[in-house]
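The structure under discussion appears below in the form of C-alpha cells.
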Amino acid sequence: MIQLAWLIPLLPLIGFAIIGLGGKKLSKGLISIIGCGTVLAAFGLSLGIFLELHGQSHTVKMFDWINTGNLKVDFSFLVDPLSGLFLLIITGIGFLIHVYSVGYMHDDDGFHRFFAYLNLFVFFMLLLVLGSNYLIMFVGWEGVGLCSYLLIGFWFKNTDYNNAAKKAFIINRVGDLGFLLGILLIYVLFESVSFATIGTMSGNAEYRQYADVIGILLFIGACGKSAQIPLYTWLPDAMAGPTPVSALIHAATMVTAGIYMIARSSFIFDYAHLTNEVIATVGVITALFAATIGIFQNDIKKVLAYSTVSQLGLMFLGLGVGATTGAVFHVTTHAFFKALLFLGAGSVIHAMSGEQDIRKMGGLRKHLPVTHLTFLLGTIAISGIPPFSGFFSKDEILAGAFEEHKLHWVLGLVASMMTAFYMFRLYFLTFSGKFRGTEAQHHHLHESPKSMTIPLIVLAILSVVGGFIGIPGSHLLDHFLNPGSTGHHVDWAHEIMLMGLATVLALVSILAAYTVYVKRNTLPAAKEEDMSRIQRIIYHKYYVDEFYDAIIRKPLDFISSITYRFIELPVIDGLVNGVGSGVKWLGSTVRLLQSGYVGFYIFAMTLAALAMVYFTLIN
C-alpha cells in the first residue's frame, strides 16, 4: 500500500478539478459527496499506510522531474513516521471540516467554489508533507499560501476581507523569501535538495559551520507560515474567511507547515545551536505576547486566533529546546481541540445570525447543548487540565524547557496560565449568564444541524482521549516517531512536580475567570473610554499593525507615488507612447502606397522609370 502514496494528494486534486470544472452545473449534494469523499478516501489510504510503516522510511519515486546541469531532482514522496502522522492529521481533520462545511456553507452562492478551494488546499498541504526534497515542499508551501489567499478573501465583495487576504499573502512572501534563500544555500553547499542526501552529509564538519545560517533562513520561512513574531499579524486578520477555513488553516494546514518544516529539517537544526536558541526565544515570547492580547479580545474568532499564535509559540519553544517530539505531539492535540473550538465558534455564530462579539452573547448553554458541551471539552483541553489531550503535550514541551532553560520554562508556564484564563473568559461570556443579544437573535437561537454537530462530537472525543498517545513512561507517539528512544529525559520527581504545578496554576486561572465573569458578572468594557491605558494598548494589540503601517506601508506608498509621478509617467509612459505614436505615423504614411488609385500607381511608375534612367546615365 505504501507504493500507492501518490494517490493521497491526487484524490483531493481530482476533487478540485471535477468541482472546479463542473461549477454550478453540479448539484450541492454531488459537490458534497465529491469534496468530502475524495478527502475521506485519502484518509483511508493514509491510515492504511500509517499502519504499515512500523517506524520505517520509504521513498516512492514517480518520475524524473528536473535534470539540468548538476541539478537532478526526482518527483518522489518520502513516507516515514513524521509524514505518516501529518497525513492522518491533514486528511482526518480535513475530512471533518469538509463535512461541517456542507451544513455551514449550504446557503452560500459560492458553494462549489468553496469546496473546490478546500480540496485544492488539502492537496497542496499533502504535497508539502509528502515531498522527499525541498523543491516539492516549496511547491506545496507556495500552494497553501495561494489557497489561504483565495479562502480568506472568499467573500471578495467585502473590501476588508480582500485586504485581509492580501495581508496574509504579502506577509507570507517575506517569510517565503527566507525559505527560498535557505533552499538555495542548501543546494550550493550540498549540491542536492533531497532530504535523504542532505541528512547523510549534514554531520560532516565542513557543513556544520553553515548550519546556523541555513537554520535562520529556514526559520524565517517558518515564522511567516506559522505566524511568529514579527510575521504573525496576518493570522488574526485571516478570520475574515468563512469559519471552516479558519479551522482548516489553524488545525490541519498552513500554520502547521512551519512546525513540520523545522521538524523535517532536524538534520540541520541538530547542529544549529544558536538558531535553536533563537527559535526557543522567539517561540516563548510569541506565546506570551499573543496570550496577553487574547485576554482583551471580544471577537470570538479572534480570541481563538491569538490562542493559535500562542500555542504555535509553545510548539516552537519545544523545537528550540530539543523537545521535537513534544512539539509534534502538541501539533496533533492542538489540531483536535483547535478544530473543535473553531467549528464550535462557527456553530455559535450560525445561531447568533452572524454575531461574533462575545459581549452580545451569554446564556447559550441551554440553546446549544451539543455545541456548548463540546466547546467546554475543547476549552478544558487547551487549558491543560489532566487528563485532557492538551495537558500531556503541553507538559512535555514545558518539561523540555525546564531542562534546557529555566527562564523559558517560567515564561511558557505564564503563557499557559493566561491561556486557561482567556479561554474560560471566552467560555463563560458565551455560554453562561443571561443572553445579551437582541430579541431577534434570541428568537433565532437553535442548535446546528447534524452535519455540523457530528464533527464537533468526534473532535471532542479526540480532544479528551487524544493525549493518551503521549503519556510519560509509555509514550506511544515517541516510540512511533523515534523507534528505540527512551522518550523521557526528566526524572519522575521533577516531572510530577511540573505537572502538578502547571495543573494548579491552570485551575487558579479558571477560578479567577469564573470569579470575574460569572460570580461578579463583569462584562468587558463596551467603549474604549472605559478602559485603562494599559488595557487600551493591549486591546489594540500593542499597535503593532499601526507601527508596520507607519514604517513600511506609508514609506512604500510615498516612494511609489514619487516614482509614478517622476519616472513612470514622463519616462516609461513617454517612451512607450512615443514608440506607439511613431509606428502609428509610419503606418498611416506608408499605407498611401496601397491606396488603390491607378493614377497614383502610374505616377509612381513614371517617377521610378525616370529615376532608373537618371542613375543609369550617371553611372
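Going by the C-alpha cells order, chains are called A, B, ..., each with residues numbered from 1, while ligands are numbered from 1 in the order shown.
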Name the residues of stretch 36-84 of chain A that come out as strand (DSSP E) in a backbone DSSP run; write them as a PyMOL selection string.
chain A and resi 58-68+71-79
Distance query stretch 216-232 of chain A at most 6 Å, only C-alpha atoms, self and fewer than 4 positions along chain excluded, as a PyMOL selection string
chain A and resi 172+175-176+178-179+182+255+258+275+286
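If only C-alpha atoms are the atoms counted, then among A:Val102, A:Asp212, A:Ser307, A:Thr243 the closest residue to A:Glu277 is A:Asp212.
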Close residues, A:Asp299 itself excluded, 8 Å, only C-alpha atoms, min 4 positions apart in chain, as a list of chain:residue names:
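Those residues are A:Val303, A:Gln356, A:Asp357, A:Ile358.
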Output C-alpha atoms of each residue in that selection to a file, as a PDB file, in the first residue's frame.
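Output below, filename result-v5.pdb:
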```pdb
ATOM      1  CA  VAL A 303      -9.640  35.101  20.718  1.00  0.00           C
ATOM      2  CA  GLN A 356     -19.180  37.418  16.700  1.00  0.00           C
ATOM      3  CA  ASP A 357     -18.913  39.794  19.687  1.00  0.00           C
ATOM      4  CA  ILE A 358     -18.994  37.777  22.928  1.00  0.00           C
TER       5      ILE A 358
END
```
With only C-alpha atoms as the counted atoms, please give the residues lying no more than 12 Å from A:Ala440, apart from itself and same-chain residues fewer than 2 positions off, as an mmCIF file with N, CA, C and O atoms, in the first residue's frame.
```cif
data_model
loop_
_atom_site.group_PDB
_atom_site.id
_atom_site.type_symbol
_atom_site.label_atom_id
_atom_site.label_comp_id
_atom_site.auth_asym_id
_atom_site.auth_seq_id
_atom_site.Cartn_x
_atom_site.Cartn_y
_atom_site.Cartn_z
ATOM 1 N N ALA A 351 -25.826 30.314 14.991
ATOM 2 C CA ALA A 351 -27.043 30.500 15.797
ATOM 3 C C ALA A 351 -27.318 31.968 16.093
ATOM 4 O O ALA A 351 -28.470 32.370 16.258
ATOM 5 N N MET A 352 -26.244 32.767 16.168
ATOM 6 C CA MET A 352 -26.391 34.189 16.523
ATOM 7 C C MET A 352 -26.580 35.075 15.294
ATOM 8 O O MET A 352 -26.385 36.287 15.378
ATOM 9 N N SER A 353 -26.906 34.475 14.176
ATOM 10 C CA SER A 353 -27.163 35.232 12.933
ATOM 11 C C SER A 353 -25.974 36.091 12.523
ATOM 12 O O SER A 353 -26.131 37.239 12.098
ATOM 13 N N GLU A 355 -23.432 37.165 14.478
ATOM 14 C CA GLU A 355 -22.813 37.952 15.544
ATOM 15 C C GLU A 355 -21.549 37.247 16.075
ATOM 16 O O GLU A 355 -21.560 36.050 16.325
ATOM 17 N N PHE A 435 -28.692 35.962 28.397
ATOM 18 C CA PHE A 435 -28.487 36.315 26.995
ATOM 19 C C PHE A 435 -28.457 37.837 26.829
ATOM 20 O O PHE A 435 -29.329 38.542 27.359
ATOM 21 N N ARG A 436 -27.452 38.352 26.101
ATOM 22 C CA ARG A 436 -27.284 39.807 25.967
ATOM 23 C C ARG A 436 -27.488 40.300 24.528
ATOM 24 O O ARG A 436 -27.182 41.453 24.229
ATOM 25 N N GLY A 437 -27.979 39.418 23.674
ATOM 26 C CA GLY A 437 -28.203 39.819 22.288
ATOM 27 C C GLY A 437 -29.555 40.470 22.095
ATOM 28 O O GLY A 437 -30.264 40.799 23.064
ATOM 29 N N THR A 438 -29.933 40.649 20.843
ATOM 30 C CA THR A 438 -31.209 41.275 20.530
ATOM 31 C C THR A 438 -32.343 40.246 20.616
ATOM 32 O O THR A 438 -32.099 39.029 20.668
ATOM 33 N N HIS A 442 -32.328 36.250 19.811
ATOM 34 C CA HIS A 442 -32.811 35.292 20.807
ATOM 35 C C HIS A 442 -33.853 34.361 20.188
ATOM 36 O O HIS A 442 -33.886 33.151 20.463
ATOM 37 N N HIS A 443 -34.689 34.917 19.365
ATOM 38 C CA HIS A 443 -35.734 34.118 18.711
ATOM 39 C C HIS A 443 -35.126 33.135 17.703
ATOM 40 O O HIS A 443 -35.675 32.056 17.469
ATOM 41 N N HIS A 444 -33.965 33.512 17.135
ATOM 42 C CA HIS A 444 -33.334 32.693 16.095
ATOM 43 C C HIS A 444 -32.455 31.573 16.668
ATOM 44 O O HIS A 444 -32.059 30.647 15.958
ATOM 45 N N LEU A 445 -32.165 31.623 17.981
ATOM 46 C CA LEU A 445 -31.223 30.661 18.566
ATOM 47 C C LEU A 445 -31.683 29.215 18.377
ATOM 48 O O LEU A 445 -32.837 28.889 18.648
#
```
Nearby residues (only C-alpha atoms) at most 8 Å from A:Val129, same-chain spacing under 2 positions excluded, as a list in words
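Counting only C-alpha atoms, the residues come to Ser83, Phe86, Leu87, Met125, Leu126, Leu127, Gly131, Met137, Gly140 and Tyr260 of chain A.
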Serialized selection, N, CA and C atoms, as a short mmCIF file (atom, residue, chain, number, x, y, z; two decimals), in the first residue's frame:
```cif
data_model
loop_
_atom_site.label_atom_id
_atom_site.label_comp_id
_atom_site.auth_asym_id
_atom_site.auth_seq_id
_atom_site.Cartn_x
_atom_site.Cartn_y
_atom_site.Cartn_z
N SER A 83 5.90 12.06 8.29
CA SER A 83 4.91 12.40 7.24
C SER A 83 3.64 11.59 7.42
N PHE A 86 1.40 13.33 9.95
CA PHE A 86 0.79 14.55 9.39
C PHE A 86 -0.27 14.21 8.33
N LEU A 87 -0.05 13.11 7.61
CA LEU A 87 -1.08 12.70 6.64
C LEU A 87 -2.41 12.43 7.33
N MET A 125 -1.25 20.92 0.81
CA MET A 125 -0.67 20.59 2.13
C MET A 125 -0.12 19.17 2.13
N LEU A 126 -0.83 18.26 1.47
CA LEU A 126 -0.34 16.88 1.37
C LEU A 126 0.95 16.82 0.55
N LEU A 127 1.01 17.64 -0.51
CA LEU A 127 2.23 17.69 -1.33
C LEU A 127 3.40 18.20 -0.50
N GLY A 131 6.56 15.50 0.07
CA GLY A 131 7.74 15.72 -0.77
C GLY A 131 9.01 15.17 -0.15
N MET A 137 8.55 20.35 -1.46
CA MET A 137 8.00 21.01 -0.28
C MET A 137 7.68 22.48 -0.56
N GLY A 140 4.43 22.87 -2.53
CA GLY A 140 3.29 22.77 -1.60
C GLY A 140 3.20 23.99 -0.71
N TYR A 260 6.25 21.63 10.78
CA TYR A 260 6.65 20.43 10.04
C TYR A 260 8.01 20.64 9.37
#
```
Using only C-alpha atoms, which of A:Leu607, A:Ala550, A:Cys147, A:Val73 sits nearest A:Phe169?
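Looking only at the distances to A:Phe169, the closest residue turns out to be A:Cys147.
Nearest residue to A:Pro12, choosing from A:Leu96, A:Ala399, A:Val122, A:Ala164 and counting only C-alpha atoms: A:Val122.
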Leaving out A:Gly433 and any residue of its chain fewer than 4 positions from it, which residues lie within 10 Å of it when counting only C-alpha atoms, given as a ChimeraX atom specification?
/A:361-365,428-429,517-519,521
Once you have the residues from the selection above, write them out as a PDB file, in the first residue's frame, restricted to N, CA, C and O atoms.
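The new file out-v3.pdb reads:
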```pdb
ATOM      1  N   MET A 361     -23.400  38.031  23.642  1.00  0.00           N
ATOM      2  CA  MET A 361     -23.871  36.645  23.721  1.00  0.00           C
ATOM      3  C   MET A 361     -24.324  36.345  25.149  1.00  0.00           C
ATOM      4  O   MET A 361     -24.990  37.143  25.775  1.00  0.00           O
ATOM      5  N   GLY A 362     -23.906  35.207  25.693  1.00  0.00           N
ATOM      6  CA  GLY A 362     -24.279  34.829  27.052  1.00  0.00           C
ATOM      7  C   GLY A 362     -25.497  33.921  27.072  1.00  0.00           C
ATOM      8  O   GLY A 362     -26.423  34.047  26.261  1.00  0.00           O
ATOM      9  N   GLY A 363     -25.475  32.974  28.020  1.00  0.00           N
ATOM     10  CA  GLY A 363     -26.625  32.100  28.229  1.00  0.00           C
ATOM     11  C   GLY A 363     -26.932  31.151  27.088  1.00  0.00           C
ATOM     12  O   GLY A 363     -28.060  30.667  26.965  1.00  0.00           O
ATOM     13  N   LEU A 364     -25.946  30.845  26.249  1.00  0.00           N
ATOM     14  CA  LEU A 364     -26.222  29.977  25.089  1.00  0.00           C
ATOM     15  C   LEU A 364     -26.213  28.487  25.453  1.00  0.00           C
ATOM     16  O   LEU A 364     -26.513  27.654  24.606  1.00  0.00           O
ATOM     17  N   ARG A 365     -25.861  28.200  26.678  1.00  0.00           N
ATOM     18  CA  ARG A 365     -25.716  26.793  27.088  1.00  0.00           C
ATOM     19  C   ARG A 365     -26.987  25.988  26.832  1.00  0.00           C
ATOM     20  O   ARG A 365     -26.946  24.895  26.280  1.00  0.00           O
ATOM     21  N   PHE A 428     -17.195  31.446  29.485  1.00  0.00           N
ATOM     22  CA  PHE A 428     -18.206  31.987  30.408  1.00  0.00           C
ATOM     23  C   PHE A 428     -19.032  33.092  29.756  1.00  0.00           C
ATOM     24  O   PHE A 428     -20.252  33.143  29.912  1.00  0.00           O
ATOM     25  N   LEU A 429     -18.371  33.988  29.043  1.00  0.00           N
ATOM     26  CA  LEU A 429     -19.091  35.101  28.421  1.00  0.00           C
ATOM     27  C   LEU A 429     -20.034  34.624  27.311  1.00  0.00           C
ATOM     28  O   LEU A 429     -21.045  35.265  27.033  1.00  0.00           O
ATOM     29  N   TYR A 517     -16.104  36.749  35.731  1.00  0.00           N
ATOM     30  CA  TYR A 517     -17.131  36.812  34.681  1.00  0.00           C
ATOM     31  C   TYR A 517     -18.437  36.088  35.029  1.00  0.00           C
ATOM     32  O   TYR A 517     -19.431  36.269  34.332  1.00  0.00           O
ATOM     33  N   VAL A 518     -18.430  35.266  36.096  1.00  0.00           N
ATOM     34  CA  VAL A 518     -19.676  34.594  36.499  1.00  0.00           C
ATOM     35  C   VAL A 518     -20.138  35.110  37.861  1.00  0.00           C
ATOM     36  O   VAL A 518     -21.251  35.626  38.000  1.00  0.00           O
ATOM     37  N   LYS A 519     -19.251  35.010  38.844  1.00  0.00           N
ATOM     38  CA  LYS A 519     -19.653  35.387  40.201  1.00  0.00           C
ATOM     39  C   LYS A 519     -19.914  36.891  40.288  1.00  0.00           C
ATOM     40  O   LYS A 519     -20.925  37.322  40.850  1.00  0.00           O
ATOM     41  N   ASN A 521     -20.144  38.804  37.594  1.00  0.00           N
ATOM     42  CA  ASN A 521     -20.897  39.152  36.384  1.00  0.00           C
ATOM     43  C   ASN A 521     -20.298  40.374  35.677  1.00  0.00           C
ATOM     44  O   ASN A 521     -21.011  41.254  35.195  1.00  0.00           O
TER      45      ASN A 521
END
```
Spatial neighbours of A:Leu341, 10 Å, only C-alpha atoms, chain gap at least 4 places, as a list in words:
Ala247, Ile300, Lys301, Leu304, Ala335, Phe336, Phe337, Ala345, Gly346, Ser347, Thr371, Thr374, Phe375, Leu376, Leu377, Gly378, Thr379, Ile382, Leu456, Leu459 and Ala460 of chain A
Minimum-distance residue to A:Met423, chosen among A:Ala513, A:Leu40, A:Leu407, A:Leu130 (using only C-alpha atoms):
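Looking at the shortest contact to A:Met423, the residue is A:Ala513.
You will find atom CA of A:Gly466 at 5.1 Å from atom CA of A:Ser389.
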